[in-house]
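Worksheet for the structure shown next.
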Amino acid sequence: MILLNDFRRQWEDVREDCHRALERTGASGWYILGREVREFERRLAALWGLREAVGVASGLDALEAGLRALGLRPGEKVLTAPVSAFATALAVVRAGGVPVFAPCGPDGLADPGACEELLARDASIRFFVPVHLYGHCLDMDALARIARRGVRIVEDCAQSILARWRGRGCGTAGAAAAVSFYPTKNLGAMGDGGALLTNDEEVAAKARQWRDYGQRSKYEHVTAGANSRLDELHAALLLEAGLPRLERWTARRREIARRYREGIRHPQIGLPAPPQGSESVWHLFPVLVPEGAKAAFRQHLERSGVQTGEHYPVPLFDQPAMRHLPHEIAGDPGVARAFCRREASLPIHPYLSDSEVEAVIEACNGWPGA
Ligand SMILES: Cc1ncc(COP(=O)(O)O)c(C=O)c1O
């Protein structure tokens with residue numbers, strides 16, 4: 001079976017570096033917020049071209065830390081994407097905000113132009129969490145214009161590390177960016193992890209406080225924070241095994257995406273193009289099949305030895321938890337719903353061989369269709 005993610009293959013590659021990371025952390029005798037986290041934060045911030053990185057326990061927490069550090073107050077509205085991981089909306093809710101789900105295009109991405117108009121029209125929305133979904137980079141000029149009008153933006157870069165838009169790094173238009181090191185992510189740990197990135201030292205200081213029980217200094221708790229620290233061991237693994245491979249992994253994802261886009265030729269399989277100007281890092285490879293045909297398409301691929309996924313099967317506003325939580329839907333919910341009914345994801349991890357990539361293309365092209 002050609003898997004969506006193949007961590008065993010990855011382990012064969014990274015094993016020695018991981019052993020070195022474990023050995024170094026163990027021998028240091030310091031397991032929480034020590035040298036490894038500090039060094040990883042320094043390297044991550046430099047990679048991003050931003051001043052500060054704050055390592056936290058997950059991408060979800062990075063988003064929450066960012067919204068809290070930017071001063072979100074209970075009940076305030078936060079514009080965000082209707083199609084994303086549930087964590088995007090959950091972070092807004094946990095930070096005390098009310099999600100407002102933005103209009104999305106037929107490619108499933110929240111439309112920055114429509115968001116700009118909405119934010120110009122509705123002064124009650126002062127926070128925005130745009131999602132650089134699938135590893136694509138949204139229009140950064142539009143995000144920068146929105147930020148200039150005083151809207152506080154935390155960019156959700158969980159899927160888009162290293163993505164750029166016309167040369168400008170994703171995550172650099174807003175006040176802060178959140179990244180995830182969940183194992184499947186482009187820079188994945190062997191467990192959970194995340195980071196908040198920012199140029200604003202005050203935002204970074206607040207996020208550092210929040211992740212560590214709201215402490216300003218030892219035993220001086222100035223806010224009701226959380227326990228959300230990136231582990232020393234994960235920081236060491238990311239430093240030793242992840243960061244040195246990130247460029248190579250990203251290049252391989254791009255190469256696979258290029259082959260899929262050239263090779264998949266089927267009248268009923270749509271290949272949504274990345275936004276114009278996006279230098280995507282292809283965290284996922286979504287395809288669109290006709291309404292009502294997704295199950296048959298996925299079954300066909302399964303029988304052909306190809307695992308597929310769905311990102312995501314329903315819009316965030318249709319999740320059962322949202323029924324009990326205050327939220328708003330801006331724009332036509334039907335567009336997001338139709339997208340979710342049609343979307344399926346093909347394997348695109350960096351350890352796929354060329355022959356597996358060919359097999360995926362053949363399986364797609366051999367689908368009898370709806
Ligand atoms: C777009 C997006 N936002 C946020 C998250 C949350 O990250 P984590 O799983 O590290 O909490 C994820 C990953 O699941 C994601 O894909």
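Going through the structure tokens in order, the chains are called A, B, and so on, while each chain numbers its residues from 1 and the ligands are numbered from 1 in the order shown.
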
Using 8 Å as the limit and counting only C-alpha atoms and all ligand atoms, can you tabulate each residue of chain A that touches ligand 1, with its shortest atom-to-atom distance in Å and the two atoms involved, as JSON lines?
{"residue": "A:Ala57", "atom": "CA", "partner": "ligand 1", "partner_atom_place_in_ligand_line": "10 (O)", "distance": 7.5}
{"residue": "A:Ser58", "atom": "CA", "partner": "ligand 1", "partner_atom_place_in_ligand_line": "10 (O)", "distance": 3.9}
{"residue": "A:Gly59", "atom": "CA", "partner": "ligand 1", "partner_atom_place_in_ligand_line": "7 (O)", "distance": 3.4}
{"residue": "A:Leu60", "atom": "CA", "partner": "ligand 1", "partner_atom_place_in_ligand_line": "11 (O)", "distance": 3.7}
{"residue": "A:Asp61", "atom": "CA", "partner": "ligand 1", "partner_atom_place_in_ligand_line": "11 (O)", "distance": 6.5}
{"residue": "A:Ala62", "atom": "CA", "partner": "ligand 1", "partner_atom_place_in_ligand_line": "11 (O)", "distance": 8.0}
{"residue": "A:Leu63", "atom": "CA", "partner": "ligand 1", "partner_atom_place_in_ligand_line": "4 (C)", "distance": 7.5}
{"residue": "A:Ser84", "atom": "CA", "partner": "ligand 1", "partner_atom_place_in_ligand_line": "1 (C)", "distance": 5.3}
{"residue": "A:Ala85", "atom": "CA", "partner": "ligand 1", "partner_atom_place_in_ligand_line": "15 (C)", "distance": 4.8}
{"residue": "A:Phe86", "atom": "CA", "partner": "ligand 1", "partner_atom_place_in_ligand_line": "4 (C)", "distance": 7.3}
{"residue": "A:Ala87", "atom": "CA", "partner": "ligand 1", "partner_atom_place_in_ligand_line": "6 (C)", "distance": 4.9}
{"residue": "A:Thr88", "atom": "CA", "partner": "ligand 1", "partner_atom_place_in_ligand_line": "3 (N)", "distance": 4.9}
{"residue": "A:Val131", "atom": "CA", "partner": "ligand 1", "partner_atom_place_in_ligand_line": "1 (C)", "distance": 6.0}
{"residue": "A:His132", "atom": "CA", "partner": "ligand 1", "partner_atom_place_in_ligand_line": "1 (C)", "distance": 7.1}
{"residue": "A:Leu133", "atom": "CA", "partner": "ligand 1", "partner_atom_place_in_ligand_line": "1 (C)", "distance": 5.9}
{"residue": "A:Tyr134", "atom": "CA", "partner": "ligand 1", "partner_atom_place_in_ligand_line": "1 (C)", "distance": 7.9}
{"residue": "A:Asp156", "atom": "CA", "partner": "ligand 1", "partner_atom_place_in_ligand_line": "3 (N)", "distance": 5.7}
{"residue": "A:Cys157", "atom": "CA", "partner": "ligand 1", "partner_atom_place_in_ligand_line": "1 (C)", "distance": 6.7}
{"residue": "A:Ala158", "atom": "CA", "partner": "ligand 1", "partner_atom_place_in_ligand_line": "2 (C)", "distance": 4.7}
{"residue": "A:Gln159", "atom": "CA", "partner": "ligand 1", "partner_atom_place_in_ligand_line": "16 (O)", "distance": 5.5}
{"residue": "A:Ala178", "atom": "CA", "partner": "ligand 1", "partner_atom_place_in_ligand_line": "4 (C)", "distance": 7.9}
{"residue": "A:Val179", "atom": "CA", "partner": "ligand 1", "partner_atom_place_in_ligand_line": "7 (O)", "distance": 7.2}
{"residue": "A:Ser180", "atom": "CA", "partner": "ligand 1", "partner_atom_place_in_ligand_line": "10 (O)", "distance": 4.2}
{"residue": "A:Phe181", "atom": "CA", "partner": "ligand 1", "partner_atom_place_in_ligand_line": "10 (O)", "distance": 5.7}
{"residue": "A:Tyr182", "atom": "CA", "partner": "ligand 1", "partner_atom_place_in_ligand_line": "10 (O)", "distance": 4.7}
{"residue": "A:Lys185", "atom": "CA", "partner": "ligand 1", "partner_atom_place_in_ligand_line": "13 (C)", "distance": 7.5}
{"residue": "A:Asp192", "atom": "CA", "partner": "ligand 1", "partner_atom_place_in_ligand_line": "10 (O)", "distance": 5.8}
{"residue": "A:Gly193", "atom": "CA", "partner": "ligand 1", "partner_atom_place_in_ligand_line": "10 (O)", "distance": 5.7}
{"residue": "A:Gly194", "atom": "CA", "partner": "ligand 1", "partner_atom_place_in_ligand_line": "10 (O)", "distance": 5.7}

I need the chosen residues saved as an mmCIF file, in the first residue's frame, with C-alpha atoms.
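Generated output (part.cif):
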data_model
loop_
_atom_site.group_PDB
_atom_site.id
_atom_site.type_symbol
_atom_site.label_atom_id
_atom_site.label_comp_id
_atom_site.auth_asym_id
_atom_site.auth_seq_id
_atom_site.Cartn_x
_atom_site.Cartn_y
_atom_site.Cartn_z
ATOM 1 C CA ALA A 57 3.197 22.056 22.927
ATOM 2 C CA SER A 58 1.225 22.082 19.635
ATOM 3 C CA GLY A 59 0.059 24.133 16.679
ATOM 4 C CA LEU A 60 -3.282 24.548 18.425
ATOM 5 C CA ASP A 61 -1.527 26.119 21.409
ATOM 6 C CA ALA A 62 0.608 28.334 19.173
ATOM 7 C CA LEU A 63 -2.568 29.818 17.676
ATOM 8 C CA SER A 84 -9.201 23.772 7.912
ATOM 9 C CA ALA A 85 -8.184 21.461 10.729
ATOM 10 C CA PHE A 86 -10.604 21.797 13.639
ATOM 11 C CA ALA A 87 -7.688 23.171 15.689
ATOM 12 C CA THR A 88 -7.948 26.497 13.832
ATOM 13 C CA VAL A 131 -4.924 29.618 6.999
ATOM 14 C CA HIS A 132 -2.222 28.857 4.447
ATOM 15 C CA LEU A 133 -3.946 25.574 3.691
ATOM 16 C CA TYR A 134 -2.331 22.609 1.893
ATOM 17 C CA ASP A 156 -1.992 29.691 10.587
ATOM 18 C CA CYS A 157 1.171 28.274 9.009
ATOM 19 C CA ALA A 158 0.710 24.754 10.404
ATOM 20 C CA GLN A 159 0.807 23.362 6.860
ATOM 21 C CA ALA A 178 1.684 29.708 14.269
ATOM 22 C CA VAL A 179 3.386 26.508 13.139
ATOM 23 C CA SER A 180 2.817 22.855 14.058
ATOM 24 C CA PHE A 181 5.328 20.024 14.417
ATOM 25 C CA TYR A 182 2.676 17.288 14.448
ATOM 26 C CA LYS A 185 3.626 18.148 9.080
ATOM 27 C CA ASP A 192 3.271 17.050 19.385
ATOM 28 C CA GLY A 193 4.916 20.438 19.200
ATOM 29 C CA GLY A 194 4.398 23.913 17.818
#

Neighbours of Asn227 in chain A within 8 Å (only C-alpha atoms; same-chain residues fewer than 4 positions away dropped), as a ChimeraX atom specification?
/A:210-213

Those residues with C-alpha atoms, as a tab-separated table (two decimals), in the first residue's frame please?
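This went into again_26.tsv:
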chain	number	residue	atom	x	y	z
A	210	TRP	CA	1.40	31.92	28.82
A	211	ARG	CA	3.16	28.63	27.99
A	212	ASP	CA	4.69	28.52	31.47
A	213	TYR	CA	1.75	28.99	33.89

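Between Ala114 in chain A and the residues A:Gly96, A:Arg337, A:Ile146, A:Glu220, the shortest atom-to-atom distance, using only C-alpha atoms, involves A:Ile146.
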
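DSSP, applied to the backbone of this structure, assigns alpha helix (DSSP H) to the following residues of range 258-315 of chain A: Arg258, Arg259, Tyr260, Arg261, Glu262, Gly263, Lys294, Ala295, Ala296, Phe297, Arg298, Gln299, His300, Leu301, Glu302 and Arg303 of chain A.
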
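The space between CA of Ala53 in chain A and CA of Leu197 in chain A spans 4.4 Å.
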
Which of these residues is nearest to Gln276 in chain A, using only C-alpha atoms: A:Leu143, A:Ile264, A:Val335, A:Cys137?
A:Cys137

Taking the DSSP secondary structure from the backbone, can you list the residues of range 137-320 of chain A that are strand (DSSP E), as an MDAnalysis selection string?
chainID A and resid 152:156 164:165 168:169 176:180 194:198 215:217 220:221 278:279 285:288

Expected file: the selected residues, N, CA, C and O atoms, as a compact mmCIF listing (two decimals), in the first residue's frame:
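This is the output file selection_35.txt:
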# COMPACT_ATOMS: atom_id res chain seq x y z
N ARG A 152 -5.57 42.57 13.84
CA ARG A 152 -4.47 41.76 14.38
C ARG A 152 -4.55 40.34 13.80
O ARG A 152 -5.57 39.67 13.95
N ILE A 153 -3.48 39.96 13.13
CA ILE A 153 -3.48 38.71 12.38
C ILE A 153 -2.52 37.69 12.99
O ILE A 153 -1.36 38.00 13.25
N VAL A 154 -3.03 36.48 13.23
CA VAL A 154 -2.15 35.34 13.52
C VAL A 154 -2.29 34.41 12.31
O VAL A 154 -3.36 33.83 12.10
N GLU A 155 -1.25 34.29 11.53
CA GLU A 155 -1.32 33.43 10.34
C GLU A 155 -1.17 31.96 10.77
O GLU A 155 -0.25 31.63 11.52
N ASP A 156 -2.08 31.12 10.31
CA ASP A 156 -1.99 29.69 10.59
C ASP A 156 -1.09 29.06 9.52
O ASP A 156 -1.51 28.82 8.39
N ARG A 164 6.13 30.53 0.23
CA ARG A 164 6.33 31.95 -0.05
C ARG A 164 5.25 32.42 -1.02
O ARG A 164 4.63 31.61 -1.71
N TRP A 165 5.08 33.73 -1.05
CA TRP A 165 4.17 34.35 -2.02
C TRP A 165 4.95 35.47 -2.70
O TRP A 165 5.34 36.44 -2.06
N ARG A 168 7.90 36.51 -0.81
CA ARG A 168 7.73 36.90 0.59
C ARG A 168 7.27 35.70 1.42
O ARG A 168 6.32 35.00 1.06
N GLY A 169 7.96 35.45 2.55
CA GLY A 169 7.68 34.26 3.36
C GLY A 169 6.30 34.30 3.97
O GLY A 169 5.88 35.34 4.48
N ALA A 176 1.79 37.79 13.97
CA ALA A 176 2.41 36.55 14.44
C ALA A 176 2.01 35.40 13.51
O ALA A 176 1.05 35.52 12.74
N ALA A 177 2.76 34.31 13.60
CA ALA A 177 2.46 33.12 12.81
C ALA A 177 2.56 31.90 13.71
O ALA A 177 3.42 31.84 14.59
N ALA A 178 1.67 30.93 13.47
CA ALA A 178 1.68 29.71 14.27
C ALA A 178 2.08 28.54 13.38
O ALA A 178 1.61 28.42 12.24
N VAL A 179 2.94 27.67 13.90
CA VAL A 179 3.39 26.51 13.14
C VAL A 179 3.21 25.26 14.01
O VAL A 179 3.20 25.36 15.23
N SER A 180 3.01 24.12 13.36
CA SER A 180 2.82 22.85 14.06
C SER A 180 3.93 21.87 13.70
O SER A 180 4.37 21.83 12.55
N GLY A 194 4.79 22.77 18.64
CA GLY A 194 4.40 23.91 17.82
C GLY A 194 5.23 25.12 18.21
O GLY A 194 6.05 25.04 19.13
N ALA A 195 5.03 26.21 17.47
CA ALA A 195 5.76 27.43 17.81
C ALA A 195 4.98 28.64 17.32
O ALA A 195 4.26 28.57 16.32
N LEU A 196 5.15 29.74 18.05
CA LEU A 196 4.62 31.03 17.62
C LEU A 196 5.80 31.88 17.16
O LEU A 196 6.81 31.96 17.86
N LEU A 197 5.66 32.49 16.00
CA LEU A 197 6.74 33.34 15.46
C LEU A 197 6.25 34.76 15.36
O LEU A 197 5.10 35.00 14.99
N THR A 198 7.13 35.69 15.68
CA THR A 198 6.73 37.10 15.62
C THR A 198 7.95 38.00 15.61
O THR A 198 9.04 37.60 16.04
N GLN A 215 3.91 32.68 34.17
CA GLN A 215 5.00 33.21 35.03
C GLN A 215 5.78 34.31 34.32
O GLN A 215 6.18 34.13 33.18
N ARG A 216 6.01 35.41 35.03
CA ARG A 216 6.92 36.43 34.50
C ARG A 216 8.34 36.11 34.95
O ARG A 216 9.30 36.25 34.22
N SER A 217 8.46 35.69 36.19
CA SER A 217 9.72 35.16 36.68
C SER A 217 9.34 34.01 37.62
O SER A 217 8.16 33.82 37.90
N GLU A 220 6.36 33.94 40.05
CA GLU A 220 5.59 35.18 39.97
C GLU A 220 4.62 35.05 38.79
O GLU A 220 4.99 35.24 37.64
N HIS A 221 3.36 34.69 39.11
CA HIS A 221 2.36 34.37 38.07
C HIS A 221 1.49 35.59 37.82
O HIS A 221 0.72 35.97 38.70
N SER A 278 1.77 31.92 -5.36
CA SER A 278 2.15 31.04 -4.24
C SER A 278 3.30 30.12 -4.64
O SER A 278 3.25 29.47 -5.68
N GLU A 279 4.37 30.12 -3.83
CA GLU A 279 5.42 29.10 -3.98
C GLU A 279 5.13 28.07 -2.90
O GLU A 279 5.60 28.17 -1.77
N PHE A 285 -1.89 17.09 -1.11
CA PHE A 285 -2.22 17.24 -2.53
C PHE A 285 -3.71 16.93 -2.71
O PHE A 285 -4.11 15.77 -2.86
N PRO A 286 -4.54 17.99 -2.68
CA PRO A 286 -5.99 17.77 -2.81
C PRO A 286 -6.40 17.62 -4.27
O PRO A 286 -5.83 18.28 -5.15
N VAL A 287 -7.37 16.76 -4.51
CA VAL A 287 -8.00 16.69 -5.83
C VAL A 287 -9.51 16.81 -5.63
O VAL A 287 -10.02 16.56 -4.54
N LEU A 288 -10.21 17.21 -6.68
CA LEU A 288 -11.66 17.35 -6.60
C LEU A 288 -12.33 16.39 -7.58
O LEU A 288 -11.98 16.39 -8.77

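Take CA of Ala89 in chain A and CA of His324 in chain A: the distance between them is 13.2 Å.
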
Set the distance at 12 Å and use only C-alpha atoms: which residues neighbour Leu3 in chain A once local chain neighbours fewer than 4 positions away are removed? I'd like the list as an NGL selection string.
:A and (7-9 or 184 or 301-302 or 304-309 or 345-353 or 356-357 or 360)

Would you output that residue set with C-alpha atoms, as a PDB file, in the first residue's frame?
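Printed below is part32.pdb as written:
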ATOM      1  CA  PHE A   7       7.087   7.127   9.183  1.00  0.00           C
ATOM      2  CA  ARG A   8       8.935   3.796   9.094  1.00  0.00           C
ATOM      3  CA  ARG A   9      10.828   4.899   6.008  1.00  0.00           C
ATOM      4  CA  THR A 184       2.683  14.494   9.517  1.00  0.00           C
ATOM      5  CA  LEU A 301      -7.513   4.030  -5.280  1.00  0.00           C
ATOM      6  CA  GLU A 302      -7.565   1.748  -2.240  1.00  0.00           C
ATOM      7  CA  SER A 304      -5.140   0.029  -6.638  1.00  0.00           C
ATOM      8  CA  GLY A 305      -2.958   0.101  -3.523  1.00  0.00           C
ATOM      9  CA  VAL A 306      -3.106   3.846  -2.836  1.00  0.00           C
ATOM     10  CA  GLN A 307      -4.230   5.262   0.485  1.00  0.00           C
ATOM     11  CA  THR A 308      -6.135   8.552   0.288  1.00  0.00           C
ATOM     12  CA  GLY A 309      -7.341  11.080   2.842  1.00  0.00           C
ATOM     13  CA  SER A 345      -6.027  13.918  -0.818  1.00  0.00           C
ATOM     14  CA  LEU A 346      -3.311  11.889  -2.548  1.00  0.00           C
ATOM     15  CA  PRO A 347      -0.070  10.738  -0.847  1.00  0.00           C
ATOM     16  CA  ILE A 348       2.678  13.382  -1.089  1.00  0.00           C
ATOM     17  CA  HIS A 349       5.255  12.624   1.611  1.00  0.00           C
ATOM     18  CA  PRO A 350       8.965  13.015   0.797  1.00  0.00           C
ATOM     19  CA  TYR A 351       9.759   9.287   1.048  1.00  0.00           C
ATOM     20  CA  LEU A 352       7.556   8.290  -1.910  1.00  0.00           C
ATOM     21  CA  SER A 353       9.634   6.681  -4.669  1.00  0.00           C
ATOM     22  CA  GLU A 356       5.076   4.978  -6.394  1.00  0.00           C
ATOM     23  CA  VAL A 357       4.358   8.440  -7.733  1.00  0.00           C
ATOM     24  CA  VAL A 360      -0.601   6.958  -7.995  1.00  0.00           C
TER      25      VAL A 360
END

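Excluding Arg68 in chain A and any residue on its chain fewer than 6 positions from it, the residues at most 10 Å away by only C-alpha atoms are Ala62, Pro74, Ala91, Val92, Arg94, Ala95, Gly96, Gly97, Val203, Lys206, Ala207, Trp210 and Gly225 of chain A.
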
Take the residues from that selection and write them out as a PDB file, in the first residue's frame, keeping all heavy atoms.
ATOM      1  N   ALA A  62      -0.079  27.175  19.766  1.00  0.00           N
ATOM      2  CA  ALA A  62       0.608  28.334  19.173  1.00  0.00           C
ATOM      3  C   ALA A  62      -0.419  29.366  18.722  1.00  0.00           C
ATOM      4  O   ALA A  62      -0.248  30.572  18.936  1.00  0.00           O
ATOM      5  CB  ALA A  62       1.479  27.889  17.999  1.00  0.00           C
ATOM      6  N   PRO A  74     -12.559  38.266  25.725  1.00  0.00           N
ATOM      7  CA  PRO A  74     -13.680  37.309  25.644  1.00  0.00           C
ATOM      8  C   PRO A  74     -14.820  37.867  24.797  1.00  0.00           C
ATOM      9  O   PRO A  74     -15.198  39.033  24.949  1.00  0.00           O
ATOM     10  CB  PRO A  74     -14.119  37.129  27.104  1.00  0.00           C
ATOM     11  CG  PRO A  74     -12.924  37.505  27.915  1.00  0.00           C
ATOM     12  CD  PRO A  74     -12.154  38.520  27.120  1.00  0.00           C
ATOM     13  N   ALA A  91      -8.784  26.906  18.538  1.00  0.00           N
ATOM     14  CA  ALA A  91      -7.857  27.875  19.152  1.00  0.00           C
ATOM     15  C   ALA A  91      -8.579  29.197  19.406  1.00  0.00           C
ATOM     16  O   ALA A  91      -8.399  29.818  20.458  1.00  0.00           O
ATOM     17  CB  ALA A  91      -6.646  28.086  18.248  1.00  0.00           C
ATOM     18  N   VAL A  92      -9.402  29.613  18.438  1.00  0.00           N
ATOM     19  CA  VAL A  92     -10.167  30.861  18.599  1.00  0.00           C
ATOM     20  C   VAL A  92     -11.089  30.732  19.817  1.00  0.00           C
ATOM     21  O   VAL A  92     -11.140  31.614  20.682  1.00  0.00           O
ATOM     22  CB  VAL A  92     -10.995  31.157  17.327  1.00  0.00           C
ATOM     23  CG1 VAL A  92     -11.948  32.325  17.541  1.00  0.00           C
ATOM     24  CG2 VAL A  92     -10.072  31.411  16.135  1.00  0.00           C
ATOM     25  N   ARG A  94     -10.896  28.624  22.367  1.00  0.00           N
ATOM     26  CA  ARG A  94     -10.165  28.488  23.640  1.00  0.00           C
ATOM     27  C   ARG A  94      -9.564  29.818  24.099  1.00  0.00           C
ATOM     28  O   ARG A  94      -9.378  30.039  25.287  1.00  0.00           O
ATOM     29  CB  ARG A  94      -9.077  27.427  23.517  1.00  0.00           C
ATOM     30  CG  ARG A  94      -9.686  26.034  23.517  1.00  0.00           C
ATOM     31  CD  ARG A  94      -8.718  24.932  23.784  1.00  0.00           C
ATOM     32  NE  ARG A  94      -7.359  25.375  24.000  1.00  0.00           N
ATOM     33  CZ  ARG A  94      -6.335  24.561  24.197  1.00  0.00           C
ATOM     34  NH1 ARG A  94      -6.538  23.264  24.192  1.00  0.00           N
ATOM     35  NH2 ARG A  94      -5.130  25.022  24.388  1.00  0.00           N
ATOM     36  N   ALA A  95      -9.258  30.676  23.124  1.00  0.00           N
ATOM     37  CA  ALA A  95      -8.724  31.995  23.491  1.00  0.00           C
ATOM     38  C   ALA A  95      -9.852  32.946  23.891  1.00  0.00           C
ATOM     39  O   ALA A  95      -9.597  34.100  24.235  1.00  0.00           O
ATOM     40  CB  ALA A  95      -7.914  32.581  22.333  1.00  0.00           C
ATOM     41  N   GLY A  96     -11.106  32.470  23.824  1.00  0.00           N
ATOM     42  CA  GLY A  96     -12.254  33.279  24.250  1.00  0.00           C
ATOM     43  C   GLY A  96     -12.979  33.970  23.106  1.00  0.00           C
ATOM     44  O   GLY A  96     -13.910  34.719  23.336  1.00  0.00           O
ATOM     45  N   GLY A  97     -12.534  33.730  21.863  1.00  0.00           N
ATOM     46  CA  GLY A  97     -13.100  34.432  20.718  1.00  0.00           C
ATOM     47  C   GLY A  97     -14.301  33.725  20.110  1.00  0.00           C
ATOM     48  O   GLY A  97     -14.646  32.591  20.465  1.00  0.00           O
ATOM     49  N   VAL A 203       4.832  40.552  22.184  1.00  0.00           N
ATOM     50  CA  VAL A 203       3.979  39.388  21.879  1.00  0.00           C
ATOM     51  C   VAL A 203       4.722  38.104  22.260  1.00  0.00           C
ATOM     52  O   VAL A 203       4.151  37.198  22.885  1.00  0.00           O
ATOM     53  CB  VAL A 203       3.590  39.389  20.378  1.00  0.00           C
ATOM     54  CG1 VAL A 203       2.957  38.071  19.966  1.00  0.00           C
ATOM     55  CG2 VAL A 203       2.640  40.553  20.088  1.00  0.00           C
ATOM     56  N   LYS A 206       4.760  37.675  26.028  1.00  0.00           N
ATOM     57  CA  LYS A 206       3.458  37.223  26.557  1.00  0.00           C
ATOM     58  C   LYS A 206       3.231  35.746  26.263  1.00  0.00           C
ATOM     59  O   LYS A 206       2.692  35.009  27.085  1.00  0.00           O
ATOM     60  CB  LYS A 206       2.335  38.065  25.938  1.00  0.00           C
ATOM     61  CG  LYS A 206       2.268  39.439  26.561  1.00  0.00           C
ATOM     62  CD  LYS A 206       1.021  40.171  26.115  1.00  0.00           C
ATOM     63  CE  LYS A 206       0.938  41.499  26.850  1.00  0.00           C
ATOM     64  NZ  LYS A 206       0.204  42.501  26.102  1.00  0.00           N
ATOM     65  N   ALA A 207       3.619  35.309  25.064  1.00  0.00           N
ATOM     66  CA  ALA A 207       3.455  33.889  24.729  1.00  0.00           C
ATOM     67  C   ALA A 207       4.352  33.023  25.624  1.00  0.00           C
ATOM     68  O   ALA A 207       3.958  31.929  26.052  1.00  0.00           O
ATOM     69  CB  ALA A 207       3.793  33.661  23.251  1.00  0.00           C
ATOM     70  N   TRP A 210       2.599  32.768  28.896  1.00  0.00           N
ATOM     71  CA  TRP A 210       1.397  31.925  28.818  1.00  0.00           C
ATOM     72  C   TRP A 210       1.759  30.435  28.834  1.00  0.00           C
ATOM     73  O   TRP A 210       1.114  29.642  29.506  1.00  0.00           O
ATOM     74  CB  TRP A 210       0.603  32.271  27.550  1.00  0.00           C
ATOM     75  CG  TRP A 210      -0.615  31.414  27.373  1.00  0.00           C
ATOM     76  CD1 TRP A 210      -1.828  31.580  27.979  1.00  0.00           C
ATOM     77  CD2 TRP A 210      -0.730  30.240  26.565  1.00  0.00           C
ATOM     78  NE1 TRP A 210      -2.692  30.575  27.601  1.00  0.00           N
ATOM     79  CE2 TRP A 210      -2.047  29.743  26.740  1.00  0.00           C
ATOM     80  CE3 TRP A 210       0.140  29.555  25.729  1.00  0.00           C
ATOM     81  CZ2 TRP A 210      -2.501  28.594  26.089  1.00  0.00           C
ATOM     82  CZ3 TRP A 210      -0.309  28.410  25.084  1.00  0.00           C
ATOM     83  CH2 TRP A 210      -1.616  27.935  25.267  1.00  0.00           C
ATOM     84  N   GLY A 225      -2.051  31.262  32.930  1.00  0.00           N
ATOM     85  CA  GLY A 225      -1.491  30.678  31.703  1.00  0.00           C
ATOM     86  C   GLY A 225      -1.782  29.196  31.583  1.00  0.00           C
ATOM     87  O   GLY A 225      -2.770  28.692  32.108  1.00  0.00           O
TER      88      GLY A 225
END

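Going from CA of Ala163 in chain A to CA of Glu262 in chain A covers 21.0 Å.
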
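Those residues that approach Ala173 in chain A to within 8 Å, counting only C-alpha atoms, are Met140, Asp141, Leu143, Ala144, Ala147 and Cys170 of chain A; same-chain residues fewer than 3 positions away are not listed.
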
Contact residues around Glu358 in chain A with only C-alpha atoms at 10 Å, ignoring same-chain residues under 5 positions, as a PDB file with N, CA and C atoms, in the first residue's frame:
ATOM      1  N   ILE A 256       7.041  15.979  -6.474  1.00  0.00           N
ATOM      2  CA  ILE A 256       5.901  15.045  -6.583  1.00  0.00           C
ATOM      3  C   ILE A 256       4.661  15.803  -7.067  1.00  0.00           C
ATOM      4  N   ARG A 259       4.882  16.359 -10.707  1.00  0.00           N
ATOM      5  CA  ARG A 259       4.578  15.142 -11.488  1.00  0.00           C
ATOM      6  C   ARG A 259       3.082  14.855 -11.507  1.00  0.00           C
ATOM      7  N   TYR A 260       2.433  15.000 -10.352  1.00  0.00           N
ATOM      8  CA  TYR A 260       0.981  14.767 -10.318  1.00  0.00           C
ATOM      9  C   TYR A 260       0.273  15.745 -11.255  1.00  0.00           C
ATOM     10  N   GLY A 263       0.956  14.657 -14.743  1.00  0.00           N
ATOM     11  CA  GLY A 263       0.600  13.286 -15.128  1.00  0.00           C
ATOM     12  C   GLY A 263      -0.874  12.940 -14.976  1.00  0.00           C
ATOM     13  N   ILE A 264      -1.565  13.577 -14.033  1.00  0.00           N
ATOM     14  CA  ILE A 264      -2.971  13.200 -13.808  1.00  0.00           C
ATOM     15  C   ILE A 264      -3.828  13.917 -14.848  1.00  0.00           C
ATOM     16  N   SER A 353       8.672   6.898  -3.576  1.00  0.00           N
ATOM     17  CA  SER A 353       9.634   6.681  -4.669  1.00  0.00           C
ATOM     18  C   SER A 353       9.001   7.153  -5.984  1.00  0.00           C
ATOM     19  N   ALA A 363      -3.151   5.039 -11.149  1.00  0.00           N
ATOM     20  CA  ALA A 363      -4.404   4.678 -10.461  1.00  0.00           C
ATOM     21  C   ALA A 363      -5.457   5.762 -10.698  1.00  0.00           C
ATOM     22  N   CYS A 364      -5.051   7.011 -10.643  1.00  0.00           N
ATOM     23  CA  CYS A 364      -6.007   8.115 -10.879  1.00  0.00           C
ATOM     24  C   CYS A 364      -6.521   8.056 -12.322  1.00  0.00           C
TER      25      CYS A 364
END
